[in-house]
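Asks: Below is the file coords.txt, with compact mmCIF, C-alpha atoms and all ligand atoms.
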# COMPACT_ATOMS: atom_id res chain seq x y z
CA MET K 1 -21.03 165.96 29.22
CA SER K 2 -20.01 165.30 32.81
CA ASP K 3 -22.56 165.16 35.64
CA ASP K 4 -23.70 168.77 36.14
CA ARG K 5 -25.22 168.01 39.54
CA LEU K 6 -21.74 168.80 40.92
CA ILE K 7 -20.97 172.52 41.05
CA VAL K 8 -17.38 173.35 42.03
CA ALA K 9 -17.02 176.60 44.01
CA LEU K 10 -13.93 178.37 42.65
CA ASP K 11 -13.15 180.38 45.78
CA VAL K 12 -9.65 181.26 44.59
CA PRO K 13 -8.33 184.84 44.69
CA ASN K 14 -8.12 185.60 41.00
CA ILE K 15 -8.77 184.61 37.42
CA LEU K 16 -5.32 183.03 36.92
CA ASP K 17 -5.75 180.65 39.84
CA GLY K 18 -9.29 179.91 38.69
CA MET K 19 -8.14 179.00 35.19
CA LYS K 20 -5.39 176.80 36.62
CA VAL K 21 -7.90 174.78 38.65
CA ALA K 22 -10.40 174.58 35.79
CA GLU K 23 -7.70 173.45 33.35
CA ASN K 24 -6.53 170.74 35.75
CA ILE K 25 -10.12 169.51 36.17
CA GLY K 26 -10.83 169.57 32.45
CA ASP K 27 -13.89 167.61 31.32
CA THR K 28 -14.52 166.06 34.73
CA VAL K 29 -16.62 169.04 35.87
CA SER K 30 -19.06 171.09 33.83
CA PHE K 31 -20.45 173.58 36.38
CA TYR K 32 -18.56 176.25 38.38
CA LYS K 33 -19.61 178.72 41.06
CA ILE K 34 -17.92 182.11 41.20
CA GLY K 35 -18.63 184.40 44.12
CA LEU K 36 -18.07 187.81 45.60
CA GLY K 37 -14.62 186.88 46.93
CA MET K 38 -13.24 186.89 43.40
CA LEU K 39 -15.09 189.94 42.15
CA THR K 40 -12.04 192.22 42.26
CA GLY K 41 -9.80 189.38 41.04
CA GLY K 42 -11.56 189.11 37.71
CA GLY K 43 -14.43 186.83 38.73
CA PHE K 44 -16.83 188.10 36.13
CA ALA K 45 -14.28 187.78 33.34
CA LEU K 46 -13.52 184.24 34.51
CA ALA K 47 -17.23 183.40 34.47
CA ASN K 48 -17.55 184.60 30.88
CA GLU K 49 -14.37 182.84 29.76
CA LEU K 50 -15.37 179.49 31.30
CA LYS K 51 -18.78 179.82 29.68
CA GLN K 52 -17.84 181.10 26.23
CA GLU K 53 -14.47 179.40 25.66
CA PHE K 54 -14.91 176.16 27.59
CA GLY K 55 -18.67 175.60 27.47
CA LYS K 56 -19.03 175.38 31.25
CA LYS K 57 -22.18 176.26 33.14
CA ILE K 58 -21.79 179.17 35.56
CA PHE K 59 -23.36 179.89 38.92
CA LEU K 60 -22.71 183.52 39.86
CA ASP K 61 -23.07 183.75 43.65
CA MET K 62 -23.73 187.47 44.12
CA LYS K 63 -26.40 187.31 46.86
CA PHE K 64 -27.97 190.60 45.73
CA PHE K 65 -29.99 192.54 48.29
CA ASP K 66 -31.08 196.10 47.55
CA ILE K 67 -34.12 198.13 46.57
CA GLY K 68 -36.17 196.42 43.87
CA ALA K 69 -35.26 198.84 41.07
CA THR K 70 -31.53 198.32 41.65
CA VAL K 71 -31.83 194.53 41.90
CA GLN K 72 -33.81 194.47 38.67
CA LYS K 73 -31.19 196.55 36.84
CA ALA K 74 -28.27 194.53 38.19
CA VAL K 75 -29.90 191.23 37.26
CA ALA K 76 -30.79 192.50 33.78
CA GLY K 77 -27.10 193.33 33.25
CA ILE K 78 -26.06 189.82 34.26
CA ALA K 79 -28.84 188.18 32.25
CA ALA K 80 -27.29 189.66 29.10
CA HIS K 81 -24.23 187.43 29.63
CA ASP K 82 -25.72 183.98 29.08
CA LEU K 83 -24.83 182.64 32.55
CA ASP K 84 -26.86 179.94 34.32
CA PHE K 85 -27.56 180.53 38.04
CA LEU K 86 -27.58 183.74 40.10
CA THR K 87 -28.26 184.16 43.83
CA VAL K 88 -30.27 186.91 45.49
CA HIS K 89 -31.52 187.12 49.07
CA GLY K 90 -34.89 185.43 49.45
CA ASP K 91 -36.97 188.44 50.50
CA PRO K 92 -40.01 188.23 48.22
CA TYR K 93 -39.65 191.76 46.80
CA VAL K 94 -35.99 191.06 45.94
CA VAL K 95 -36.92 187.80 44.23
CA GLU K 96 -39.71 189.49 42.26
CA ALA K 97 -37.34 192.23 41.10
CA ALA K 98 -34.71 189.66 40.10
CA VAL K 99 -37.24 187.63 38.12
CA ALA K 100 -38.35 190.81 36.34
CA GLY K 101 -34.71 191.68 35.63
CA ARG K 102 -33.78 188.36 34.05
CA GLY K 103 -36.72 188.77 31.62
CA ASP K 104 -36.93 185.92 29.16
CA SER K 105 -33.27 184.90 29.49
CA ASN K 106 -32.35 181.42 30.74
CA LEU K 107 -30.76 182.74 33.95
CA LYS K 108 -32.15 180.87 36.98
CA ILE K 109 -32.78 182.95 40.10
CA LEU K 110 -31.85 181.11 43.30
CA ALA K 111 -32.89 182.50 46.68
CA VAL K 112 -30.72 182.49 49.77
CA THR K 113 -32.90 181.73 52.80
CA ILE K 114 -30.91 182.40 55.99
CA LEU K 115 -27.14 182.38 55.75
CA THR K 116 -25.83 179.23 57.42
CA SER K 117 -23.19 181.33 59.17
CA LEU K 118 -25.89 183.05 61.29
CA ASP K 119 -26.78 181.64 64.70
CA ARG K 120 -29.76 182.72 66.81
CA ASN K 121 -27.70 185.44 68.48
CA ASP K 122 -26.79 186.95 65.09
CA MET K 123 -30.44 186.77 64.07
CA ASP K 124 -31.52 188.54 67.26
CA ARG K 125 -29.00 191.31 66.54
CA ALA K 126 -30.39 191.60 63.00
CA MET K 127 -33.94 191.72 64.43
CA ILE K 128 -34.94 188.53 62.64
CA ILE K 129 -38.17 187.15 64.09
CA ASP K 130 -38.04 184.57 66.90
CA GLY K 131 -38.14 180.90 66.04
CA ASP K 132 -35.81 178.04 65.38
CA THR K 133 -33.58 178.37 62.35
CA GLN K 134 -34.96 175.39 60.44
CA THR K 135 -38.56 176.65 60.67
CA LEU K 136 -37.51 180.10 59.50
CA VAL K 137 -35.44 178.69 56.65
CA VAL K 138 -38.30 176.56 55.36
CA GLU K 139 -40.75 179.45 55.63
CA ARG K 140 -38.39 181.83 53.83
CA ALA K 141 -37.85 179.21 51.14
CA ARG K 142 -41.62 178.85 50.69
CA ARG K 143 -42.09 182.61 50.35
CA ALA K 144 -39.18 182.99 47.93
CA LEU K 145 -40.51 180.19 45.73
CA GLU K 146 -44.00 181.70 45.81
CA ALA K 147 -42.43 185.00 44.70
CA GLY K 148 -41.09 183.25 41.61
CA ALA K 149 -37.61 182.02 42.50
CA ASP K 150 -36.43 179.11 40.35
CA GLY K 151 -34.91 177.48 43.40
CA VAL K 152 -33.25 177.94 46.77
CA ILE K 153 -29.85 177.51 48.37
CA CYS K 154 -29.99 175.63 51.64
CA SER K 155 -27.98 173.31 53.84
CA PRO K 156 -28.35 169.60 53.12
CA GLN K 157 -30.16 169.28 56.47
CA GLU K 158 -32.98 171.46 55.18
CA ALA K 159 -33.22 169.96 51.70
CA ALA K 160 -35.77 167.25 52.54
CA MET K 161 -38.12 169.67 54.35
CA ILE K 162 -38.00 172.17 51.50
CA ARG K 163 -38.39 169.44 48.89
CA ALA K 164 -41.61 168.40 50.66
CA LEU K 165 -43.21 171.86 50.17
CA PRO K 166 -45.88 171.76 47.47
CA VAL K 167 -44.50 175.01 46.01
CA ALA K 168 -41.08 173.35 45.60
CA ALA K 169 -42.33 170.96 42.93
CA GLY K 170 -40.22 171.49 39.83
CA LYS K 171 -37.92 173.96 41.64
CA LEU K 172 -34.18 173.68 42.18
CA ILE K 173 -32.56 172.88 45.51
CA VAL K 174 -28.84 173.62 45.64
CA THR K 175 -26.82 172.68 48.72
CA PRO K 176 -23.36 173.79 49.83
CA GLY K 177 -21.95 172.22 53.01
CA VAL K 178 -21.24 168.95 51.25
CA ARG K 179 -18.22 166.80 52.09
CA PRO K 180 -17.22 163.37 50.86
CA ALA K 181 -16.66 160.95 53.79
CA ASN K 182 -13.22 161.53 55.37
CA ALA K 183 -12.78 165.01 53.83
CA ASP K 184 -11.73 167.94 56.02
CA LYS K 185 -14.90 169.74 57.15
CA GLY K 186 -13.19 173.16 57.25
CA ASP K 187 -15.56 175.65 58.88
CA GLN K 188 -18.67 173.85 57.61
CA LYS K 189 -20.72 172.51 60.50
CA ARG K 190 -23.95 171.08 59.16
CA ILE K 191 -22.66 168.86 56.42
CA ALA K 192 -23.76 165.83 54.44
CA THR K 193 -22.07 163.57 51.92
CA PRO K 194 -22.79 164.10 48.22
CA ALA K 195 -25.00 161.00 48.07
CA GLN K 196 -26.97 162.05 51.19
CA ALA K 197 -27.59 165.55 49.85
CA ILE K 198 -28.85 164.20 46.52
CA SER K 199 -31.09 161.59 48.11
CA ASP K 200 -32.53 164.27 50.42
CA GLY K 201 -33.73 166.19 47.39
CA ALA K 202 -30.83 168.37 46.19
CA ASP K 203 -30.62 168.87 42.43
CA HIS K 204 -27.08 170.26 42.68
CA ILE K 205 -24.38 170.18 45.33
CA VAL K 206 -21.70 172.85 45.74
CA VAL K 207 -18.24 171.70 46.81
CA GLY K 208 -15.28 174.09 47.10
CA ARG K 209 -12.18 173.53 49.18
CA PRO K 210 -12.07 169.71 49.05
CA ILE K 211 -11.63 170.15 45.29
CA TRP K 212 -9.80 173.39 44.54
CA GLN K 213 -7.40 173.03 47.49
CA ALA K 214 -6.56 169.42 46.64
CA ALA K 215 -3.14 168.55 45.22
CA ASN K 216 -5.05 167.04 42.31
CA PRO K 217 -8.41 168.81 41.86
CA LYS K 218 -9.46 166.48 39.03
CA GLU K 219 -9.09 163.38 41.22
CA ALA K 220 -10.82 165.11 44.13
CA ALA K 221 -13.76 166.03 41.89
CA GLN K 222 -13.98 162.42 40.72
CA VAL K 223 -14.24 161.24 44.36
CA VAL K 224 -17.27 163.53 44.82
CA LEU K 225 -18.83 162.39 41.54
CA ASP K 226 -18.36 158.73 42.47
CA ASP K 227 -20.03 159.29 45.85
CA MET K 228 -22.89 161.22 44.24
CA ALA K 229 -23.46 158.47 41.70
CA ARG K 230 -24.31 156.12 44.56
CA ALA K 231 -27.45 158.13 45.42
CA PRO K 232 -30.74 157.09 43.87
CA GLN K 233 -31.72 159.89 41.49
CA ILE K 234 -35.22 160.59 42.72
CA ASN K 235 -35.68 164.33 42.69
CA SER K 236 -33.83 165.86 39.80
CA THR K 237 -35.92 168.72 38.42
CA PHE K 238 -33.48 170.75 36.34
CA ALA K 239 -34.07 170.32 32.64
CA LYS K 240 -30.72 169.36 31.15
O1 LIG I 301 -15.22 175.13 50.41
P1 LIG I 301 -16.66 174.80 50.62
O2 LIG I 301 -17.09 173.48 49.99
O3 LIG I 301 -17.06 174.88 52.08
O4 LIG I 301 -17.42 175.95 49.82
C1 LIG I 301 -18.80 176.07 49.81
C2 LIG I 301 -19.20 177.23 48.99
O5 LIG I 301 -20.59 177.50 49.17
C3 LIG I 301 -18.49 178.52 49.32
O6 LIG I 301 -18.36 179.28 48.12
C4 LIG I 301 -19.42 179.21 50.29
O7 LIG I 301 -19.29 180.60 50.26
C5 LIG I 301 -20.77 178.78 49.72
N1 LIG I 301 -21.87 178.80 50.67
C6 LIG I 301 -21.90 178.07 51.84
N2 LIG I 301 -22.99 178.13 52.66
C7 LIG I 301 -24.04 178.88 52.32
C8 LIG I 301 -24.03 179.62 51.14
C9 LIG I 301 -22.92 179.55 50.33
O8 LIG I 301 -20.96 177.38 52.16
N3 LIG I 301 -25.09 178.91 53.11
Output the file's structure in the form of structure tokens.
Ligand code: C5P

Replies:
Amino acid sequence: MSDDRLIVALDVPNILDGMKVAENIGDTVSFYKIGLGMLTGGGFALANELKQEFGKKIFLDMKFFDIGATVQKAVAGIAAHDLDFLTVHGDPYVVEAAVAGRGDSNLKILAVTILTSLDRNDMDRAMIIDGDTQTLVVERARRALEAGADGVICSPQEAAMIRALPVAAGKLIVTPGVRPANADKGDQKRIATPAQAISDGADHIVVGRPIWQAANPKEAAQVVLDDMARAPQINSTFAK
């Protein structure tokens, strides 16, 4: 089994493109993230196919946010499909509903703290309480974990602070915004290398465009894996 600390974000338009990338990558990667962008392009079918036919782990990035009863029902529907990770927004009532919805399935509920695309001006417009982003992120992470989340999504810059929370012991930290040295940053601003993210306390890193947009996705994934392997493995909490 390849190193499942690397999760490849398959942000391609449809199931055909997703299968093409996954087939090129083959055994090099064992964990894929499928998000809302591919929902109408067959994302859910792709998730099930990669899981059932190819034995891959699946992170469904749905970022649910609704009334508790609806979140619970939606999560229960997904939990019936034997997938691995699911995101919801980190509001404690949403997390509690999601945890109730997944029941005794193995689906891990990961909480989104504050979207990294939001700056203070966006937060003011959304009436999010005053304070610097990092403080708010760490506090939202703490509350989501206390509400029962299995882990949080955060930027690599926040990983060490969240890892230091007592409530984060044994919980998952998953970080997008990861770039191997020399890779194109794209629109990611607060980035770290795979090895940095892991040594700051991430259990899993999410890398998208540097892999699926590469001429050879398999080689690009290997570059990330090689970098990650250079980090001392000090904080892994996910039972393999
Ligand atoms: O292509 P790239 O490596 O930037 O993709 C990162 C993935 O992680 C994308 O699917 C993006 O939507 C997701 N993500 C992120 N930042 C967050 C949450 C999710 O980049 N805060």

Asks: Which residues are near ligand LIG 301 (chain I) - at most 8 Å, using only C-alpha atoms and all ligand atoms? Format: as a PyMOL selection string.

Replies: chain K and resi 8-11+33-35+61+112+114-117+153-155+175-179+185-188+206-211

Asks: Which is closest to Leu36 (chain K) among K:Leu50, K:Leu60, K:Leu118, K:Leu16, if we use all atoms listed in the file?

Replies: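 Smallest distance to Leu36 (chain K) is found for K:Leu60.
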
Asks: Measuring atom to atom with all atoms listed in the file, identify which of K:Leu172, K:Arg163, K:Ala221, K:Gln157 is nearest to Ser30 (chain K).

Replies: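 The shortest atom-to-atom distance to Ser30 (chain K) comes from K:Ala221.
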
Asks: Between K:Gln52, K:Lys171, K:Pro166, K:Lys57, which has the minimum distance to Asp3 (chain K) (counting all atoms listed in the file)?

Replies: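 Result for the nearest residue to Asp3 (chain K): K:Lys57.
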
Asks: Do you have the CA of Ala231 (chain K)-CA of Arg190 (chain K) distance handy?

Replies: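 Value for the CA of Ala231 (chain K)-CA of Arg190 (chain K) distance: 19.2 Å.
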
Asks: Find the residues around region 75-77 of chain K up to 7 Å (all atoms listed in the file counted), leave out those fewer than 4 positions away in its own chain, and share them as a ChimeraX atom specification.

Replies: /K:71,98,101-102

Asks: Can you tell me how far CA of Lys56 (chain K) sits from CA of Thr28 (chain K), in Å to one decimal?

Replies: 10.9 Å

Asks: Go through K:Asp91, K:Asp184, K:Asp84, K:Glu139 and flag the residue nearest Glu158 (chain K), using all atoms listed in the file for the distances.

Replies: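 Of K:Asp91, K:Asp184, K:Asp84, K:Glu139, the one nearest Glu158 (chain K), counting all atoms listed in the file, is K:Glu139.
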
Asks: Work out how far CA of Glu146 (chain K) is from CA of Ile191 (chain K), in Å to one decimal.

Replies: 27.1 Å
